Amino acid sequence: METDYLILGSGIAGLTVALKLAQEFPDRKILIVTKSNADESNTKYAQGGIAVVIDGIDDDFEKHINDTLVCGDGLCNREVVKMVVKEGPKRLKELIDWGTNFDLTIDGNLDLAKEGGHSNHRVVHHKDQTGREIERAILAEAYQKKNIKILDFHFATDLITESNCCYGTLVLDEKNGRIIPIYAHFTILATGGIGQLYKQTTNPLIATGDGIAMAIRTNAIIKDMEFIQFHPTALYMPKATSTFLISEAVRGFGASLKTKKGRRFMLDYDARGELASRDIVSRSIETELKKSENPCVYLDCTHLDILAFKNHFPTIYENCLLSGIDVTKDWIPVIPTQHYLCGGISVDKNGMTSVENLFACGECSHTGLHGANRLASNSLLEALVYSNQIFNFLKKTDLKNNTKKMIISDDFTCKNKSLDKKIIAQFKEDLQKCMQKNVGIVRNNTDLEKTLEQLLIWEKECQEMESKYRVTKDFWELKNMITVSIPIVAFSLKRTENKGSFFKEQKL
Ligand code: FAD
Ligand code: SIN
């Protein structure tokens, strides 16, 4: 298979770059490869919204820039922050032009919410289903474009590279188990996050770090992998791996965090209280949990205007009810869980990686925007801005004669025996538990060293399995999860200064 532009991933990052290329070059082919249903992505689950400076009276770019820099704890790239924040309004307009609906005030202006770390109301949203609405609109738009083809249930396994140049990717067709090469002039990684490396995450099952693992295998530069963001308020669901998020916008709406005994504790830690940045709120909850030995803390919404609450947060209200929690009278049990990777594949201002003809955008990339900790609702914004940066670069770049034929070794397809699904599932769970326990909100070198040793053993075991068995999607995901866990742990060991979402204690 051959295409002009190959995009891996159909979340906000992949779809928006596809739409722009399709519009600009009606005669060129754009192929999107995606491993599940086309709409399954972290994007679909985004609740709070997109941070954009809209209100020119109380808010301005400088304030948003400053909030992002403060949250990033000194490690953001200031130029990137300025660029992303200033591009926000234009990129939001495009999203609206593609048919995305955002909530409006009775005066017809965009309704702006507030979230942790923001000095102003500036988060545009669609109730508590912003991501679902965005994904709906841009996917519908992509299906309209004659020159965009979407291959769902196709799992990208490895990039095709030679001499640090990318020629496309190998793809596992999940329906027939065959591996096919897809050649492209330009390849864009938009494969999203890594949440499934942890036993508890807000991310869906697709978030296994595949694009980052592929990039690592081609020796692309990756950065800041130790900065894992934990969202302070996921619904306490001890048995679930993908937990349900209680949006930060609920705290922006006035909900307070309490201990089991009803003590409102956040003001003991930060003057901004419940709306301190995520790293601070998550660490404070962790401290409270250790002190009390309780399994969760609580979010109290009972004092809020319940009609307005139901209108703003219908999904949260319904999901809580389904779990037996009536927010009008019950406190919501919450815990911090893995939510976002601030690091990723290093890209320049054009979204270009260190490998020729290979680009990355969205959560799998590292642009320098987030530093040590991402400001709430800056992720969808970053994906929109960087897909536009990539588009602007490619708009000016001729298609190269960049196709390279490759013989696919029979090894990929001729082994008849697949690994037992149960063995892979158990392996995955062991990895998730290990990462959750040893590479969480508070880390220490002793546990990190043990974890690294274990990961290297697992990596070897995986190599042995790969040589013997026919590989499946589950196996590739497991292999990728191990590949990505290794730098998270190794970078954590190397880091000597606590910053933002990274905290290492000195173990006695
Ligand atoms: P994704 O949307 O995750 O898309 C990745 C795509 O790549 C998927 O289509 C996936 O199937 C595909 N893929 C992955 N691996 C492969 C492979 N090997 N082969 C083929 N396809 C592959 N951010 C905000 O700014 N505001 C919010 O309010 C907000 N709320 C959030 C709430 C939740 C519950 C979660 C989980 C995240 C939230 N975030 C929010 C973060 C934000 O949603 C994500 O960072 C962002 O949507 C990532 O977009 P993306 O396009 O990079 O990746
Ligand atoms: C939320 O709604 O709390 C998530 C916002 C984000 O991840 O930026």
# chains A, B, ... in the order shown; residues from 1 in each chain; ligands from 1

call {"tool": "residues_near_ligand", "arguments": {"ligand": "ligand 2", "cutoff": "6 Å", "atoms": "only C-alpha atoms and all ligand atoms", "output": "list in words"}}
result
Gln47, Gly48, Ser247, Glu248, Ala249, Ala376, Ser377 and Asn378 of chain A

call {"tool": "residues_around", "arguments": {"residues": "stretch 143-158 of chain A", "least_positions_apart": "6", "cutoff": "6 Å", "atoms": "only C-alpha atoms", "output": "list in words"}}
result
Lys29, Ile30, Leu31, Ile32, Val33, Thr34, Lys35, Ser36, Asn37, Ala38, Thr169, Leu170, Val171, Leu172, Asp173, Glu174 and Met214 of chain A

call {"tool": "write_last_selection", "arguments": {"atoms": "all heavy atoms", "output": "tab-separated table (two decimals), in the first residue's frame"}}
result
chain	number	residue	atom	x	y	z
A	29	LYS	N	-3.16	11.73	-1.51
A	29	LYS	CA	-3.82	10.72	-0.68
A	29	LYS	C	-3.39	10.82	0.79
A	29	LYS	O	-2.19	10.91	1.08
A	29	LYS	CB	-3.46	9.31	-1.18
A	29	LYS	CG	-4.13	8.97	-2.52
A	29	LYS	CD	-3.85	7.54	-2.92
A	29	LYS	CE	-2.41	7.39	-3.43
A	29	LYS	NZ	-2.04	6.06	-3.84
A	30	ILE	N	-4.38	10.78	1.67
A	30	ILE	CA	-4.10	10.80	3.11
A	30	ILE	C	-4.67	9.51	3.69
A	30	ILE	O	-5.86	9.22	3.53
A	30	ILE	CB	-4.74	12.02	3.79
A	30	ILE	CG1	-4.06	13.30	3.28
A	30	ILE	CG2	-4.60	11.96	5.31
A	30	ILE	CD1	-4.91	14.15	2.48
A	31	LEU	N	-3.83	8.76	4.36
A	31	LEU	CA	-4.29	7.49	4.94
A	31	LEU	C	-4.16	7.57	6.47
A	31	LEU	O	-3.08	7.87	6.99
A	31	LEU	CB	-3.44	6.34	4.40
A	31	LEU	CG	-3.80	4.95	4.95
A	31	LEU	CD1	-5.21	4.54	4.54
A	31	LEU	CD2	-2.80	3.91	4.44
A	32	ILE	N	-5.27	7.30	7.15
A	32	ILE	CA	-5.23	7.26	8.62
A	32	ILE	C	-5.33	5.80	9.05
A	32	ILE	O	-6.26	5.09	8.65
A	32	ILE	CB	-6.41	8.04	9.24
A	32	ILE	CG1	-6.35	9.51	8.83
A	32	ILE	CG2	-6.39	7.91	10.76
A	32	ILE	CD1	-7.53	10.35	9.34
A	33	VAL	N	-4.36	5.36	9.83
A	33	VAL	CA	-4.38	4.00	10.36
A	33	VAL	C	-4.71	4.09	11.83
A	33	VAL	O	-4.09	4.87	12.57
A	33	VAL	CB	-2.99	3.34	10.16
A	33	VAL	CG1	-2.88	2.05	10.96
A	33	VAL	CG2	-2.74	3.07	8.69
A	34	THR	N	-5.70	3.31	12.28
A	34	THR	CA	-6.09	3.42	13.68
A	34	THR	C	-6.45	2.04	14.23
A	34	THR	O	-7.03	1.23	13.53
A	34	THR	CB	-7.20	4.47	13.85
A	34	THR	OG1	-7.38	4.75	15.22
A	34	THR	CG2	-8.53	4.05	13.23
A	35	LYS	N	-6.07	1.80	15.48
A	35	LYS	CA	-6.06	0.40	15.92
A	35	LYS	C	-7.40	-0.11	16.45
A	35	LYS	O	-7.52	-1.30	16.71
A	35	LYS	CB	-4.97	0.19	16.95
A	35	LYS	CG	-5.19	0.79	18.31
A	35	LYS	CD	-4.03	0.36	19.21
A	35	LYS	CE	-4.11	0.94	20.58
A	35	LYS	NZ	-3.04	0.51	21.46
A	36	SER	N	-8.37	0.75	16.63
A	36	SER	CA	-9.63	0.30	17.19
A	36	SER	C	-10.76	0.89	16.34
A	36	SER	O	-10.57	1.15	15.16
A	36	SER	CB	-9.70	0.75	18.65
A	36	SER	OG	-10.87	0.29	19.26
A	37	ASN	N	-11.95	1.10	16.93
A	37	ASN	CA	-12.95	1.91	16.23
A	37	ASN	C	-12.32	3.26	15.95
A	37	ASN	O	-11.55	3.74	16.79
A	37	ASN	CB	-14.16	2.21	17.15
A	37	ASN	CG	-14.89	0.96	17.51
A	37	ASN	OD1	-15.15	0.13	16.67
A	37	ASN	ND2	-15.24	0.86	18.78
A	38	ALA	N	-12.73	3.89	14.84
A	38	ALA	CA	-12.06	5.15	14.50
A	38	ALA	C	-12.20	6.21	15.60
A	38	ALA	O	-11.33	7.05	15.76
A	38	ALA	CB	-12.61	5.68	13.18
A	169	THR	N	5.19	2.61	7.54
A	169	THR	CA	5.06	1.76	8.73
A	169	THR	C	4.59	0.36	8.36
A	169	THR	O	4.00	0.14	7.30
A	169	THR	CB	4.08	2.42	9.73
A	169	THR	OG1	4.08	1.71	10.93
A	169	THR	CG2	2.66	2.43	9.21
A	170	LEU	N	4.85	-0.57	9.26
A	170	LEU	CA	4.28	-1.91	9.13
A	170	LEU	C	2.99	-1.91	9.94
A	170	LEU	O	2.92	-1.32	11.01
A	170	LEU	CB	5.23	-2.96	9.70
A	170	LEU	CG	6.55	-3.12	8.96
A	170	LEU	CD1	7.43	-4.13	9.68
A	170	LEU	CD2	6.30	-3.59	7.53
A	171	VAL	N	2.00	-2.60	9.41
A	171	VAL	CA	0.68	-2.58	10.04
A	171	VAL	C	0.14	-4.00	10.15
A	171	VAL	O	0.21	-4.77	9.19
A	171	VAL	CB	-0.27	-1.69	9.21
A	171	VAL	CG1	-1.71	-1.90	9.63
A	171	VAL	CG2	0.09	-0.23	9.37
A	172	LEU	N	-0.40	-4.30	11.32
A	172	LEU	CA	-1.05	-5.60	11.52
A	172	LEU	C	-2.54	-5.43	11.25
A	172	LEU	O	-3.21	-4.65	11.93
A	172	LEU	CB	-0.81	-6.05	12.96
A	172	LEU	CG	-1.52	-7.30	13.45
A	172	LEU	CD1	-0.92	-8.56	12.84
A	172	LEU	CD2	-1.42	-7.40	14.98
A	173	ASP	N	-3.03	-6.15	10.24
A	173	ASP	CA	-4.47	-6.12	9.96
A	173	ASP	C	-5.12	-7.07	10.97
A	173	ASP	O	-4.94	-8.28	10.91
A	173	ASP	CB	-4.72	-6.58	8.52
A	173	ASP	CG	-6.20	-6.62	8.17
A	173	ASP	OD1	-7.03	-6.61	9.10
A	173	ASP	OD2	-6.51	-6.67	6.97
A	174	GLU	N	-5.87	-6.47	11.91
A	174	GLU	CA	-6.37	-7.29	13.03
A	174	GLU	C	-7.37	-8.34	12.59
A	174	GLU	O	-7.58	-9.32	13.29
A	174	GLU	CB	-7.00	-6.39	14.09
A	174	GLU	CG	-5.96	-5.58	14.82
A	174	GLU	CD	-6.59	-4.66	15.83
A	174	GLU	OE1	-7.55	-5.08	16.49
A	174	GLU	OE2	-6.13	-3.51	15.92
A	214	MET	N	7.45	2.78	19.10
A	214	MET	CA	7.96	2.68	17.72
A	214	MET	C	9.09	3.69	17.51
A	214	MET	O	10.10	3.38	16.88
A	214	MET	CB	6.84	2.97	16.73
A	214	MET	CG	5.88	1.84	16.56
A	214	MET	SD	4.77	2.19	15.17
A	214	MET	CE	3.37	2.77	16.05

call {"tool": "select_by_dssp", "arguments": {"residues": "stretch 256-383 of chain A", "states": "strand (DSSP E or B)", "output": "PDB file with C-alpha atoms, in the first residue's frame"}}
result
ATOM      1  CA  SER A 256     -14.535  20.929  47.822  1.00  0.00           C
ATOM      2  CA  LEU A 257     -12.164  18.112  48.690  1.00  0.00           C
ATOM      3  CA  LYS A 258     -12.664  16.563  52.115  1.00  0.00           C
ATOM      4  CA  ARG A 264     -11.484  20.454  53.924  1.00  0.00           C
ATOM      5  CA  VAL A 297     -10.864  11.205  49.834  1.00  0.00           C
ATOM      6  CA  TYR A 298     -14.174  12.859  48.918  1.00  0.00           C
ATOM      7  CA  LEU A 299     -15.456  15.555  46.633  1.00  0.00           C
ATOM      8  CA  ASP A 300     -18.372  17.394  48.180  1.00  0.00           C
ATOM      9  CA  ILE A 332     -18.026  11.457  45.655  1.00  0.00           C
ATOM     10  CA  PRO A 333     -15.160   9.117  46.655  1.00  0.00           C
ATOM     11  CA  VAL A 334     -12.080  10.048  44.594  1.00  0.00           C
ATOM     12  CA  ILE A 335      -8.405   9.166  44.251  1.00  0.00           C
ATOM     13  CA  PRO A 336      -5.571  10.435  42.043  1.00  0.00           C
ATOM     14  CA  THR A 337      -4.854   8.203  39.037  1.00  0.00           C
ATOM     15  CA  GLN A 338      -2.492   8.291  36.081  1.00  0.00           C
ATOM     16  CA  HIS A 339      -3.853  10.717  33.489  1.00  0.00           C
ATOM     17  CA  TYR A 340      -1.285  12.160  31.082  1.00  0.00           C
ATOM     18  CA  LEU A 341       2.320  11.910  29.900  1.00  0.00           C
ATOM     19  CA  GLY A 344       7.200  11.972  24.643  1.00  0.00           C
ATOM     20  CA  ILE A 345       8.768  12.058  21.196  1.00  0.00           C
ATOM     21  CA  SER A 346      10.786  15.217  20.905  1.00  0.00           C
ATOM     22  CA  MET A 352       9.349  17.253  13.169  1.00  0.00           C
ATOM     23  CA  GLU A 356      13.703  12.482   8.668  1.00  0.00           C
ATOM     24  CA  LEU A 358       8.686  11.557  10.601  1.00  0.00           C
ATOM     25  CA  PHE A 359       6.448  13.982  12.507  1.00  0.00           C
ATOM     26  CA  ALA A 360       4.579  13.680  15.805  1.00  0.00           C
ATOM     27  CA  SER A 365       4.875  14.170  21.367  1.00  0.00           C
ATOM     28  CA  HIS A 366       7.047  16.410  23.507  1.00  0.00           C
TER      29      HIS A 366
END

call {"tool": "atom_distance", "arguments": {"atom1": "atom CA of A:Thr130", "atom2": "atom 37 (C, counted along the ligand's line) of ligand 1"}}
result
10.5 Å

call {"tool": "residues_around", "arguments": {"residues": "A:Arg443", "least_positions_apart": "3", "cutoff": "9 Å", "atoms": "only C-alpha atoms", "output": "number ranges by chain"}}
result
A: 437-440, 446-448, 492, 502-506

call {"tool": "write_last_selection", "arguments": {"atoms": "N, CA, C and O atoms", "output": "compact mmCIF listing (two decimals), in the first residue's frame"}}
result
# COMPACT_ATOMS: atom_id res chain seq x y z
N LYS A 437 2.82 0.73 41.67
CA LYS A 437 3.38 0.70 43.03
C LYS A 437 4.69 1.51 43.10
O LYS A 437 4.92 2.25 44.05
N ASN A 438 5.53 1.35 42.08
CA ASN A 438 6.89 1.89 42.20
C ASN A 438 7.17 3.15 41.40
O ASN A 438 8.22 3.78 41.58
N VAL A 439 6.27 3.51 40.49
CA VAL A 439 6.56 4.67 39.63
C VAL A 439 5.35 5.61 39.65
O VAL A 439 4.89 6.11 38.63
N GLY A 440 4.84 5.84 40.86
CA GLY A 440 3.63 6.63 41.03
C GLY A 440 3.90 8.09 41.36
O GLY A 440 4.89 8.67 40.89
N THR A 446 15.33 3.25 45.40
CA THR A 446 15.42 1.80 45.65
C THR A 446 14.37 1.06 44.81
O THR A 446 14.68 0.10 44.11
N ASP A 447 13.13 1.53 44.89
CA ASP A 447 12.06 0.87 44.12
C ASP A 447 12.27 1.04 42.62
O ASP A 447 11.98 0.14 41.83
N LEU A 448 12.76 2.21 42.23
CA LEU A 448 12.98 2.44 40.80
C LEU A 448 14.04 1.49 40.25
O LEU A 448 13.90 0.92 39.16
N SER A 492 13.52 8.66 35.60
CA SER A 492 13.18 8.97 37.01
C SER A 492 14.40 8.75 37.89
O SER A 492 14.64 9.50 38.85
N PHE A 502 6.87 15.51 39.13
CA PHE A 502 7.87 14.52 39.55
C PHE A 502 8.28 14.75 41.00
O PHE A 502 8.73 15.83 41.37
N PHE A 503 8.14 13.67 41.80
CA PHE A 503 8.56 13.79 43.20
C PHE A 503 9.24 12.50 43.63
O PHE A 503 8.66 11.42 43.57
N LYS A 504 10.51 12.65 44.06
CA LYS A 504 11.25 11.47 44.53
C LYS A 504 11.64 11.73 45.97
O LYS A 504 12.20 12.78 46.28
N GLU A 505 11.32 10.78 46.84
CA GLU A 505 11.71 10.97 48.24
C GLU A 505 13.04 10.25 48.47
O GLU A 505 13.39 9.31 47.76
N GLN A 506 13.74 10.71 49.48
CA GLN A 506 14.97 10.03 49.88
C GLN A 506 14.59 8.91 50.80
O GLN A 506 14.11 9.16 51.89
